[in-house]
file final_33.txt (compact mmCIF, C-alpha atoms and all ligand atoms)
# COMPACT_ATOMS: atom_id res chain seq x y z
CA MET A 27 113.80 115.97 101.22
CA ASP A 28 113.40 116.24 104.96
CA VAL A 29 112.77 112.63 105.95
CA THR A 30 112.05 113.62 109.56
CA ALA A 31 109.04 115.71 108.49
CA SER A 32 106.89 112.88 107.13
CA PRO A 33 103.11 113.40 107.14
CA LEU A 34 102.69 109.76 108.29
CA SER A 35 101.87 109.03 111.93
CA PRO A 36 104.76 110.07 114.18
CA ARG A 37 107.28 107.29 114.67
CA ARG A 38 106.80 105.48 117.98
CA LYS A 39 109.72 106.06 120.28
CA THR A 40 111.92 103.02 120.84
CA ARG A 41 115.27 102.67 122.53
CA GLN A 42 118.27 102.65 120.25
CA ILE A 43 120.74 99.85 119.65
CA ALA A 44 123.72 99.64 117.31
CA VAL A 45 124.25 96.82 114.84
CA GLY A 46 127.88 97.59 114.12
CA SER A 47 127.90 101.00 112.48
CA VAL A 48 124.12 101.02 111.87
CA LYS A 49 121.91 102.48 114.59
CA VAL A 50 118.47 100.91 114.90
CA GLY A 51 115.59 102.46 116.82
CA GLY A 52 115.16 105.85 118.45
CA ASP A 53 115.56 108.56 115.85
CA ALA A 54 117.84 106.49 113.58
CA PRO A 55 116.67 106.21 109.96
CA ILE A 56 114.64 103.07 109.30
CA SER A 57 117.09 100.53 107.94
CA VAL A 58 116.72 97.88 105.26
CA GLN A 59 117.85 94.30 105.75
CA SER A 60 118.16 91.26 103.56
CA MET A 61 119.61 87.79 103.80
CA THR A 62 122.12 85.95 101.65
CA THR A 63 121.11 82.74 99.88
CA THR A 64 124.63 81.41 99.37
CA LYS A 65 126.32 78.88 101.61
CA THR A 66 128.06 81.04 104.21
CA ALA A 67 131.12 78.80 103.91
CA ASP A 68 131.42 80.07 100.32
CA VAL A 69 133.18 83.26 101.35
CA GLU A 70 133.65 84.85 97.92
CA GLY A 71 130.15 83.99 96.68
CA THR A 72 128.58 85.32 99.88
CA LEU A 73 130.62 88.52 99.80
CA GLN A 74 129.63 89.07 96.19
CA GLN A 75 125.98 88.81 97.19
CA ILE A 76 126.47 91.09 100.20
CA TYR A 77 128.01 93.76 97.95
CA ALA A 78 125.08 93.44 95.52
CA LEU A 79 122.61 93.80 98.38
CA ALA A 80 124.42 96.81 99.81
CA ALA A 81 124.44 98.45 96.37
CA GLU A 82 120.64 98.06 96.21
CA GLY A 83 120.12 99.66 99.60
CA ALA A 84 120.58 96.96 102.26
CA ASP A 85 122.03 98.51 105.43
CA ILE A 86 122.41 95.22 107.30
CA VAL A 87 122.77 91.70 105.86
CA ARG A 88 122.01 88.41 107.59
CA CYS A 89 123.82 85.15 106.83
CA THR A 90 122.95 81.74 108.14
CA CYS A 91 125.33 80.21 110.64
CA ASN A 92 124.25 76.60 110.63
CA GLU A 93 127.56 74.72 110.77
CA VAL A 94 131.15 75.21 111.79
CA ALA A 95 132.18 75.89 108.18
CA ALA A 96 129.63 78.74 108.10
CA ALA A 97 131.08 80.28 111.27
CA GLU A 98 134.56 80.01 109.77
CA GLY A 99 133.21 81.70 106.65
CA LEU A 100 131.77 84.51 108.78
CA ALA A 101 135.20 85.11 110.34
CA GLN A 102 136.44 85.95 106.84
CA ILE A 103 133.29 87.70 105.59
CA VAL A 104 132.71 90.13 108.47
CA PRO A 105 135.95 92.13 108.10
CA ARG A 106 135.44 92.46 104.31
CA SER A 107 131.74 93.27 104.31
CA PRO A 108 130.58 96.80 103.45
CA VAL A 109 127.65 96.48 105.91
CA PRO A 110 127.19 94.90 109.35
CA ILE A 111 126.55 91.15 109.37
CA VAL A 112 123.96 89.38 111.51
CA ALA A 113 124.22 85.62 112.03
CA ASP A 114 120.96 83.69 111.79
CA ILE A 115 120.78 81.01 114.45
CA HIS A 116 118.34 78.13 114.76
CA PHE A 117 118.52 75.15 117.13
CA HIS A 118 122.25 75.23 117.90
CA VAL A 119 123.56 77.34 120.77
CA GLU A 120 127.13 76.49 119.80
CA MET A 121 126.57 78.16 116.41
CA ALA A 122 125.56 81.39 118.18
CA LEU A 123 128.75 81.28 120.23
CA ALA A 124 130.83 80.48 117.14
CA ALA A 125 129.27 83.39 115.24
CA LEU A 126 130.13 85.75 118.11
CA GLU A 127 133.65 84.39 117.98
CA ALA A 128 133.68 85.13 114.23
CA GLY A 129 133.01 88.80 115.01
CA VAL A 130 129.44 89.25 113.73
CA GLN A 131 127.75 92.55 114.58
CA GLY A 132 124.43 90.95 115.48
CA LEU A 133 122.67 87.67 116.19
CA ARG A 134 119.16 86.54 115.38
CA LEU A 135 117.82 83.89 117.71
CA ASN A 136 114.59 82.00 117.09
CA PRO A 137 112.96 81.39 120.50
CA GLY A 138 110.84 78.69 118.90
CA ASN A 139 113.75 76.35 118.36
CA LEU A 140 116.43 77.52 120.81
CA ARG A 141 114.48 76.64 123.90
CA LYS A 142 116.75 75.82 126.86
CA PRO A 143 116.82 78.79 129.26
CA GLU A 144 120.41 78.10 130.33
CA GLU A 145 121.58 78.13 126.71
CA ILE A 146 119.65 81.32 125.91
CA LYS A 147 121.20 83.03 128.93
CA LEU A 148 124.65 81.78 128.00
CA VAL A 149 124.41 83.36 124.53
CA ALA A 150 122.93 86.58 125.94
CA ALA A 151 125.73 86.89 128.49
CA GLU A 152 128.36 86.33 125.80
CA ALA A 153 126.67 88.90 123.51
CA ARG A 154 126.50 91.35 126.43
CA ASP A 155 130.23 91.00 127.11
CA ARG A 156 131.02 91.58 123.43
CA GLY A 157 128.54 94.44 122.97
CA VAL A 158 126.66 92.57 120.24
CA PRO A 159 122.87 93.02 119.92
CA ILE A 160 120.43 90.17 119.47
CA ARG A 161 117.17 90.07 117.56
CA ILE A 162 114.49 87.97 119.15
CA GLY A 163 113.09 86.62 115.90
CA VAL A 164 109.71 85.10 116.67
CA ASN A 165 108.13 83.32 113.73
CA ALA A 166 104.51 82.12 113.64
CA GLY A 167 105.57 79.02 111.71
CA SER A 168 108.07 77.89 114.37
CA LEU A 169 106.48 79.11 117.56
CA HIS A 170 107.45 77.39 120.82
CA PRO A 171 105.03 74.41 121.11
CA ASP A 172 104.08 75.27 124.73
CA ILE A 173 103.03 78.77 123.72
CA TYR A 174 101.22 77.49 120.66
CA GLU A 175 99.20 75.17 122.85
CA ARG A 176 98.52 77.78 125.55
CA PHE A 177 97.17 80.32 123.07
CA GLY A 178 95.46 77.79 120.80
CA GLY A 179 97.60 78.71 117.79
CA ALA A 180 100.08 81.27 116.48
CA THR A 181 97.94 84.25 117.47
CA PRO A 182 99.31 87.80 117.74
CA GLU A 183 99.22 87.42 121.54
CA ALA A 184 101.17 84.16 121.33
CA LEU A 185 103.89 85.74 119.17
CA VAL A 186 104.31 88.64 121.58
CA GLU A 187 104.33 86.30 124.57
CA SER A 188 107.17 84.32 123.00
CA ALA A 189 109.24 87.52 122.69
CA ARG A 190 108.33 88.54 126.25
CA LEU A 191 109.55 85.23 127.70
CA GLU A 192 112.84 85.47 125.80
CA LEU A 193 113.30 89.03 127.03
CA ALA A 194 112.83 87.84 130.59
CA TYR A 195 115.77 85.43 130.16
CA PHE A 196 117.89 88.24 128.76
CA ASP A 197 116.94 90.46 131.70
CA GLU A 198 118.21 87.81 134.09
CA VAL A 199 121.71 88.26 132.71
CA ASP A 200 121.34 92.03 132.39
CA PHE A 201 121.37 92.01 128.60
CA HIS A 202 119.26 94.70 126.91
CA ASP A 203 120.66 95.29 123.40
CA VAL A 204 117.65 93.74 121.77
CA LYS A 205 115.37 94.20 118.81
CA ILE A 206 112.27 92.16 118.26
CA SER A 207 110.36 90.69 115.34
CA VAL A 208 107.01 88.90 115.46
CA LYS A 209 106.63 87.71 111.88
CA ALA A 210 103.83 85.68 110.37
CA SER A 211 103.00 84.75 106.80
CA SER A 212 99.45 86.01 107.39
CA VAL A 213 99.52 89.76 106.83
CA ALA A 214 96.60 90.36 109.20
CA THR A 215 98.25 88.35 112.01
CA MET A 216 101.54 90.08 111.47
CA ILE A 217 100.01 93.55 111.61
CA ALA A 218 98.12 92.74 114.82
CA ALA A 219 101.21 91.16 116.39
CA TYR A 220 103.42 94.17 115.68
CA ARG A 221 100.77 96.58 116.97
CA LEU A 222 100.67 94.61 120.19
CA ALA A 223 104.47 94.37 120.35
CA SER A 224 104.69 98.12 119.91
CA GLU A 225 102.40 98.64 122.91
CA THR A 226 104.22 96.01 124.97
CA PHE A 227 107.92 96.74 124.35
CA ASP A 228 110.05 99.81 123.88
CA HIS A 229 112.68 97.82 121.98
CA PRO A 230 113.23 98.50 118.28
CA LEU A 231 111.00 96.43 116.01
CA HIS A 232 112.20 94.59 112.91
CA LEU A 233 109.26 94.34 110.48
CA GLY A 234 108.54 91.56 108.02
CA VAL A 235 105.96 89.26 106.54
CA THR A 236 107.61 85.87 106.63
CA GLU A 237 107.59 83.39 103.74
CA ALA A 238 105.80 85.96 101.58
CA GLY A 239 106.63 83.93 98.45
CA PRO A 240 107.65 84.77 94.87
CA LEU A 241 107.00 87.99 92.98
CA PRO A 242 104.62 89.71 92.54
CA GLY A 243 102.44 88.26 95.33
CA GLY A 244 105.28 88.24 97.85
CA LEU A 245 106.00 91.86 97.17
CA LEU A 246 102.35 92.78 97.69
CA LYS A 247 102.08 90.81 100.93
CA GLY A 248 105.28 92.32 102.29
CA THR A 249 104.22 95.81 101.31
CA ALA A 250 100.72 95.42 102.73
CA GLY A 251 102.10 94.45 106.12
CA ILE A 252 105.20 96.60 106.36
CA ALA A 253 103.72 99.77 104.85
CA THR A 254 100.62 99.61 107.06
CA LEU A 255 102.79 99.51 110.16
CA LEU A 256 105.23 102.16 108.97
CA ALA A 257 102.30 104.48 108.23
CA GLU A 258 101.24 103.99 111.86
CA GLY A 259 104.73 104.95 113.05
CA ILE A 260 105.65 101.35 113.95
CA GLY A 261 108.97 99.84 112.86
CA ASP A 262 112.66 100.62 113.01
CA THR A 263 114.12 98.21 110.48
CA LEU A 264 112.59 95.89 107.90
CA ARG A 265 113.09 92.94 105.63
CA TYR A 266 111.04 91.69 102.70
CA SER A 267 111.14 87.85 102.70
CA LEU A 268 110.82 87.03 99.01
CA THR A 269 111.33 83.79 97.15
CA ALA A 270 113.52 85.63 94.67
CA ASP A 271 117.03 86.94 94.19
CA PRO A 272 117.66 88.71 97.54
CA VAL A 273 118.61 91.83 95.59
CA GLU A 274 114.84 92.16 95.03
CA GLU A 275 114.37 92.27 98.81
CA ALA A 276 116.85 95.08 99.28
CA ARG A 277 115.43 96.98 96.31
CA ALA A 278 111.87 96.59 97.60
CA GLY A 279 112.83 97.72 101.09
CA ARG A 280 114.65 100.79 99.85
CA THR A 281 111.91 101.67 97.38
CA LEU A 282 109.19 101.34 100.01
CA LEU A 283 110.99 103.72 102.35
CA GLU A 284 111.59 106.14 99.48
CA VAL A 285 107.97 106.19 98.32
CA LEU A 286 106.78 106.71 101.89
CA GLY A 287 109.16 109.64 102.20
CA LEU A 288 111.10 107.87 104.96
CA ARG A 289 114.37 107.67 103.07
CA GLU A 290 116.21 109.97 100.70
CA ARG A 291 115.82 108.74 97.12
CA LYS A 292 119.05 107.24 95.83
CA GLY A 293 117.86 105.90 92.55
CA LEU A 294 115.36 106.37 89.77
CA ASP A 295 111.65 107.01 90.39
CA LEU A 296 109.90 106.38 87.10
CA ILE A 297 106.29 107.43 86.93
CA ALA A 298 104.15 106.76 83.89
CA CYS A 299 100.54 107.39 83.01
CA PRO A 300 98.34 104.29 82.75
CA SER A 301 97.58 105.22 79.12
CA CYS A 302 94.13 105.75 77.70
CA GLY A 303 92.35 106.45 74.43
CA ARG A 304 94.31 109.66 74.00
CA ALA A 305 97.71 107.95 74.06
CA GLU A 306 99.77 108.73 70.98
CA VAL A 307 102.36 105.99 71.58
CA ASP A 308 102.69 102.56 73.19
CA VAL A 309 103.18 103.94 76.71
CA ILE A 310 103.96 100.54 78.27
CA LYS A 311 106.74 99.85 75.75
CA ILE A 312 108.29 103.32 76.07
CA ALA A 313 108.02 103.29 79.88
CA ASN A 314 109.72 99.88 80.04
CA GLU A 315 112.48 100.96 77.68
CA ALA A 316 113.02 104.17 79.65
CA GLN A 317 113.02 102.25 82.94
CA GLU A 318 115.63 99.81 81.69
CA ALA A 319 117.91 102.49 80.26
CA LEU A 320 117.62 104.84 83.25
CA GLN A 321 117.83 102.15 85.91
CA ALA A 322 121.17 101.07 84.53
CA LEU A 323 122.46 104.60 85.17
CA ASN A 324 121.05 104.65 88.73
CA LEU A 325 120.38 108.39 88.69
CA PRO A 326 118.55 109.96 91.67
CA ILE A 327 115.83 111.51 89.57
CA GLN A 328 112.06 111.35 89.07
CA VAL A 329 111.16 110.80 85.42
CA ALA A 330 107.69 110.75 83.87
CA VAL A 331 106.55 108.98 80.68
CA MET A 332 103.16 110.31 79.58
CA GLY A 333 101.08 109.04 76.71
CA CYS A 334 99.85 112.35 75.34
CA VAL A 335 100.80 115.98 75.26
CA VAL A 336 97.28 117.14 76.07
CA ASN A 337 97.43 116.16 79.74
CA GLY A 338 100.92 114.71 80.20
CA PRO A 339 103.15 117.68 81.02
CA GLY A 340 100.57 119.19 83.36
CA GLU A 341 99.80 115.98 85.23
CA ALA A 342 103.49 115.23 85.69
CA ARG A 343 104.66 118.76 86.38
CA HIS A 344 106.16 117.72 89.73
CA ALA A 345 108.59 115.29 87.98
CA ASP A 346 112.15 116.45 87.46
CA LEU A 347 111.94 115.39 83.86
CA GLY A 348 109.36 113.88 81.57
CA ILE A 349 108.34 113.13 78.05
CA ALA A 350 104.86 113.24 76.54
CA ALA A 351 103.90 111.93 73.12
CA GLY A 352 102.06 113.87 70.47
CA LYS A 353 101.78 113.91 66.69
CA LYS A 354 104.74 111.56 66.07
CA ARG A 355 106.89 113.72 68.33
CA GLY A 356 107.91 113.74 71.96
CA HIS A 357 107.70 116.82 74.15
CA LEU A 358 110.51 116.81 76.67
CA PHE A 359 109.69 118.75 79.80
CA ILE A 360 111.51 119.72 82.98
CA LYS A 361 109.32 120.52 85.99
CA GLY A 362 106.36 120.86 83.60
CA GLN A 363 108.13 123.31 81.23
CA ILE A 364 108.68 122.17 77.63
CA VAL A 365 112.39 122.28 76.85
CA ARG A 366 112.67 120.34 73.59
CA VAL A 367 110.58 118.61 70.93
CA VAL A 368 112.10 115.37 69.57
CA LYS A 369 111.17 112.71 67.03
CA GLU A 370 109.03 109.86 68.32
CA ASP A 371 111.75 107.24 67.81
CA GLU A 372 114.22 109.39 69.76
CA MET A 373 112.07 109.80 72.86
CA VAL A 374 113.87 107.32 75.12
CA GLU A 375 117.31 108.43 73.98
CA ALA A 376 116.41 112.09 74.59
CA LEU A 377 115.05 111.25 78.02
CA VAL A 378 118.21 109.42 79.06
CA ASP A 379 120.45 112.17 77.68
CA GLU A 380 118.54 114.89 79.52
CA ALA A 381 118.43 112.86 82.76
CA ARG A 382 122.22 112.64 82.77
CA LYS A 383 122.50 116.38 82.14
CA ILE A 384 120.03 117.29 84.90
CA VAL A 385 121.93 115.20 87.42
CA ALA A 386 125.24 116.73 86.29
CA GLU A 387 124.17 120.36 85.83
CA GLY A 388 120.98 120.77 87.87
CA VAL A 389 117.40 121.65 86.92
CA GLU A 390 117.91 125.42 86.72
CA ALA A 391 120.85 125.15 84.32
CA ARG A 392 118.92 122.77 82.07
CA LEU A 393 115.86 125.02 82.05
CA ALA A 394 118.10 127.93 81.05
CA ALA A 395 119.50 125.84 78.17
CA ARG A 396 116.08 125.01 76.75
CA ASP A 397 115.11 125.41 73.11
CA HIS A 398 113.02 128.57 73.20
CA SER A 399 110.94 127.59 70.17
CA ALA A 400 109.90 124.27 71.84
CA GLU A 401 106.95 125.69 73.78
CA ALA A 402 105.36 127.16 70.65
CA GLU A 403 105.90 123.93 68.68
CA ALA A 404 104.42 121.92 71.54
CA GLU A 405 101.43 124.22 71.74
CA ALA A 406 100.78 123.72 68.03
CA ASP A 407 100.92 119.91 68.48
CA ARG A 408 98.54 120.11 71.44
CA ALA A 409 96.07 122.26 69.49
CA MET A 410 96.24 119.91 66.49
CA LEU A 411 95.63 116.88 68.70
CA LEU A 412 92.69 118.45 70.43
CA ASP A 413 91.34 119.28 67.02
CA ASP A 414 91.81 115.70 65.77
CA GLN A 415 90.67 113.87 68.89
CA GLY A 416 88.37 116.50 70.29
CA ALA A 417 88.41 117.41 73.94
CA ASP A 418 86.01 114.54 74.45
CA VAL A 419 87.94 111.52 73.22
CA ASN A 420 85.60 109.09 74.96
CA HIS A 421 82.58 110.59 73.23
CA ALA A 422 80.88 111.21 76.56
CA SER A 423 78.99 114.30 75.35
CA GLU A 424 77.51 112.28 72.48
CA ARG A 425 76.26 109.67 74.96
CA ILE A 426 74.91 112.33 77.32
CA GLU A 427 72.99 113.86 74.43
CA LYS A 428 71.44 110.45 73.63
CA ILE A 429 70.50 109.88 77.31
CA ARG A 430 68.84 113.27 77.44
CA ARG A 431 66.91 112.66 74.21
CA ARG A 432 65.71 109.31 75.59
CA ALA A 433 64.68 110.92 78.88
CA GLU A 434 62.70 113.56 77.01
CA GLY A 435 60.86 110.72 75.25
S1 LIG B 501 98.57 111.39 79.95
FE1 LIG B 501 97.24 111.38 78.16
S2 LIG B 501 97.41 109.26 77.44
FE2 LIG B 501 98.19 109.25 79.52
S3 LIG B 501 96.39 108.69 80.75
FE3 LIG B 501 96.54 110.94 80.75
S4 LIG B 501 95.19 111.57 79.05
FE4 LIG B 501 95.60 109.37 78.77

call {"tool": "encode", "arguments": {"input": "final_33.txt", "output": "structure tokens", "more": "lines below"}}
Ligand code: SF4
result
Amino acid sequence: MDVTASPLSPRRKTRQIAVGSVKVGGDAPISVQSMTTTKTADVEGTLQQIYALAAEGADIVRCTCNEVAAAEGLAQIVPRSPVPIVADIHFHVEMALAALEAGVQGLRLNPGNLRKPEEIKLVAAEARDRGVPIRIGVNAGSLHPDIYERFGGATPEALVESARLELAYFDEVDFHDVKISVKASSVATMIAAYRLASETFDHPLHLGVTEAGPLPGGLLKGTAGIATLLAEGIGDTLRYSLTADPVEEARAGRTLLEVLGLRERKGLDLIACPSCGRAEVDVIKIANEAQEALQALNLPIQVAVMGCVVNGPGEARHADLGIAAGKKRGHLFIKGQIVRVVKEDEMVEALVDEARKIVAEGVEARLAARDHSAEAEAEADRAMLLDDQGADVNHASERIEKIRRRAEG
């Protein structure tokens, strides 16, 4: 997949910065971020979580640096982390300086609670000398009180103004390695704020809906905000803020970029029909079983579970692999071509087996190895089903006939 040839709006040009080994902005791939929930002083626990996040697709991980023990933890975590580490700083300038001393690859400062210009400039100058970028992380919930008052609330304009003022302090010390976020828990406010930020700054933008909450609502809020902006070409890096295991954040971020065609698919993409009166099996149960079995294997493959053989293989012909149910049997298909007919209770097993083989041998090889009698068997099942159910399973023609008779009086 050519991720640079997306049919979405062209990505807005931003300057590029580097968070350790990960480039952000410009033509760099949009990166996924998440944040650990462990105490940063718990070095092994935090590293374990960082590895889990990286395995799910996080490119950059943020850890809080709220006390000296956390900074000491960072000094041990950073050299062992598989991804760059950003220290999250609130209130305490000395924690920002300690995190830089610990070797972090990025800082996040909240202009709402780190307010003294001299302190902000001190951190920026130190970051400049060390070549470490800073995110200006404006948050509607902790906006600087003066700005809140001036704008009459945490409006999109107020959020952008907060970032602009912080940037001005950075400019004074000639520090420019900056990315910006203007997060709000209101999706509408967040979208408007990022649109304005995108017109105002050429710095990379870090997208997020803050305090989005638990699943599934948090996921929907995050997706509504982040996906809208990405589709408009706005955003260089993102984080879902979920009240859940942070692995869900990394997974959501990666999946969103994959489904928008902005990132190469690394894992499973399971599609399934919604089921209807034609379904020959419990589609929800089979789809869940298939998802569980295939997700554990983490194969980069698109797999379809379809409830009936009448429409299934055709509707999912773009999938690498799929199974459709019919007459107590499953029709296994690759790119819409039937390759095997299996017993109903072997559908999931057959799907998993074939998925492994496709990833190992490739689609062409597996098509060549197909059971040549499968297509004829499948055709017979399809014909039998159509015969049993009729082409009009919802009895629409019967109803139309009655409507016409009534209309004729
Ligand atoms: S694939 Fe078959 S069962 Fe599934 S929604 Fe389509 S017609 Fe209905």

call {"tool": "atom_distance", "arguments": {"input": "final_33.txt", "atom1": "CA of Tyr266 in chain A", "atom2": "CA of Ile217 in chain A"}}
result
14.3 Å

call {"tool": "axis_aligned_box", "arguments": {"input": "final_33.txt", "around": "range 294-308 of chain A", "padding_each_side": "8 Å", "output": "JSON"}}
result
{"center_x": 103.9, "center_y": 106.1, "center_z": 80.7, "size_x": 39.0, "size_y": 23.1, "size_z": 35.4}

call {"tool": "residues_near_ligand", "arguments": {"input": "final_33.txt", "ligand": "ligand LIG 501 (chain B)", "cutoff": "7 Å", "atoms": "only C-alpha atoms and all ligand atoms", "output": "PyMOL selection string"}}
result
chain A and resi 299-306+332-338

call {"tool": "closest_atom_pairs", "arguments": {"input": "final_33.txt", "of": "range 292-377 of chain A", "to": "range 74-97 of chain A", "cutoff": "12 Å", "atoms": "all atoms listed in the file", "output": "CSV"}}
result
residue,atom,partner,partner_atom,distance
A:Lys292,CA,A:Gly83,CA,8.5
A:Gly293,CA,A:Glu82,CA,9.1
A:Leu294,CA,A:Glu82,CA,11.8
A:Gln321,CA,A:Glu82,CA,11.4
A:Asn324,CA,A:Glu82,CA,10.0

call {"tool": "closest_residue", "arguments": {"input": "final_33.txt", "among": "A:Ala101, A:Ala376, A:Ile364, A:Met121", "to": "Ala342 in chain A", "atoms": "all atoms listed in the file"}}
result
A:Ile364

call {"tool": "closest_residue", "arguments": {"input": "final_33.txt", "among": "A:Ala166, A:Val378, A:Ala253, A:Ala270", "to": "Ala313 in chain A", "atoms": "all atoms listed in the file"}}
result
A:Val378

call {"tool": "closest_residue", "arguments": {"input": "final_33.txt", "among": "A:Asp53, A:His344, A:Thr269, A:Thr62", "to": "Pro240 in chain A", "atoms": "only C-alpha atoms"}}
result
A:Thr269

call {"tool": "closest_residue", "arguments": {"input": "final_33.txt", "among": "A:Val213, A:Ile312, A:Ala386, A:Ile297", "to": "Ala345 in chain A", "atoms": "all atoms listed in the file"}}
result
A:Ile297

call {"tool": "closest_residue", "arguments": {"input": "final_33.txt", "among": "A:Arg41, A:Arg106, A:Arg392, A:Arg265", "to": "Leu347 in chain A", "atoms": "only C-alpha atoms"}}
result
A:Arg392

call {"tool": "residues_near_point", "arguments": {"input": "final_33.txt", "point": "(110.0, 117.4, 89.1)", "cutoff": "12 Å", "atoms": "only C-alpha atoms", "output": "count of residues only"}}
result
30

call {"tool": "closest_residue", "arguments": {"input": "final_33.txt", "among": "A:Asp114, A:Glu70, A:Glu403, A:Asp155", "to": "Asn136 in chain A", "atoms": "only C-alpha atoms"}}
result
A:Asp114

call {"tool": "residues_around", "arguments": {"input": "final_33.txt", "residues": "Asp172 in chain A", "least_positions_apart": "3", "cutoff": "12 Å", "atoms": "only C-alpha atoms", "output": "ChimeraX atom specification"}}
result
/A:137-139,141,168-169,175-180,184-185,187-188,191

call {"tool": "write_last_selection", "arguments": {"input": "final_33.txt", "atoms": "C-alpha atoms", "output": "JSON list (two decimals), in the coordinates of the input"}}
result
[["chain", "number", "residue", "atom", "x", "y", "z"],
["A", 137, "PRO", "CA", 112.96, 81.39, 120.50],
["A", 138, "GLY", "CA", 110.84, 78.69, 118.90],
["A", 139, "ASN", "CA", 113.75, 76.35, 118.36],
["A", 141, "ARG", "CA", 114.48, 76.64, 123.90],
["A", 168, "SER", "CA", 108.07, 77.89, 114.37],
["A", 169, "LEU", "CA", 106.48, 79.11, 117.56],
["A", 175, "GLU", "CA", 99.20, 75.17, 122.85],
["A", 176, "ARG", "CA", 98.52, 77.78, 125.55],
["A", 177, "PHE", "CA", 97.17, 80.32, 123.07],
["A", 178, "GLY", "CA", 95.46, 77.79, 120.80],
["A", 179, "GLY", "CA", 97.60, 78.71, 117.79],
["A", 180, "ALA", "CA", 100.08, 81.27, 116.48],
["A", 184, "ALA", "CA", 101.17, 84.16, 121.33],
["A", 185, "LEU", "CA", 103.89, 85.74, 119.17],
["A", 187, "GLU", "CA", 104.33, 86.30, 124.57],
["A", 188, "SER", "CA", 107.17, 84.32, 123.00],
["A", 191, "LEU", "CA", 109.55, 85.23, 127.70]]

call {"tool": "residues_near_point", "arguments": {"input": "final_33.txt", "point": "(116.4, 88.9, 127.4)", "cutoff": "10 Å", "atoms": "all atoms listed in the file", "output": "list of chain:residue names"}}
result
A:Ile146, A:Lys147, A:Ala150, A:Ala151, A:Ile160, A:Arg161, A:Ile162, A:Ala189, A:Arg190, A:Leu191, A:Glu192, A:Leu193, A:Ala194, A:Tyr195, A:Phe196, A:Asp197, A:Glu198, A:Val199, A:Asp200, A:Phe201, A:His202, A:Asp203, A:Val204

call {"tool": "atom_distance", "arguments": {"input": "final_33.txt", "atom1": "CA of Arg431 in chain A", "atom2": "CA of Leu412 in chain A"}}
result
26.7 Å

call {"tool": "atom_distance", "arguments": {"input": "final_33.txt", "atom1": "CA of Glu401 in chain A", "atom2": "CA of Val365 in chain A"}}
result
7.1 Å

call {"tool": "residues_around", "arguments": {"input": "final_33.txt", "residues": "Gly251 in chain A", "least_positions_apart": "3", "cutoff": "9 Å", "atoms": "all atoms listed in the file", "output": "list in words"}}
result
Ser212, Val213, Ala214, Met216, Ile217, Leu233, Gly234, Val235, Leu246, Lys247, Gly248, Thr254, Leu255 and Leu256 of chain A
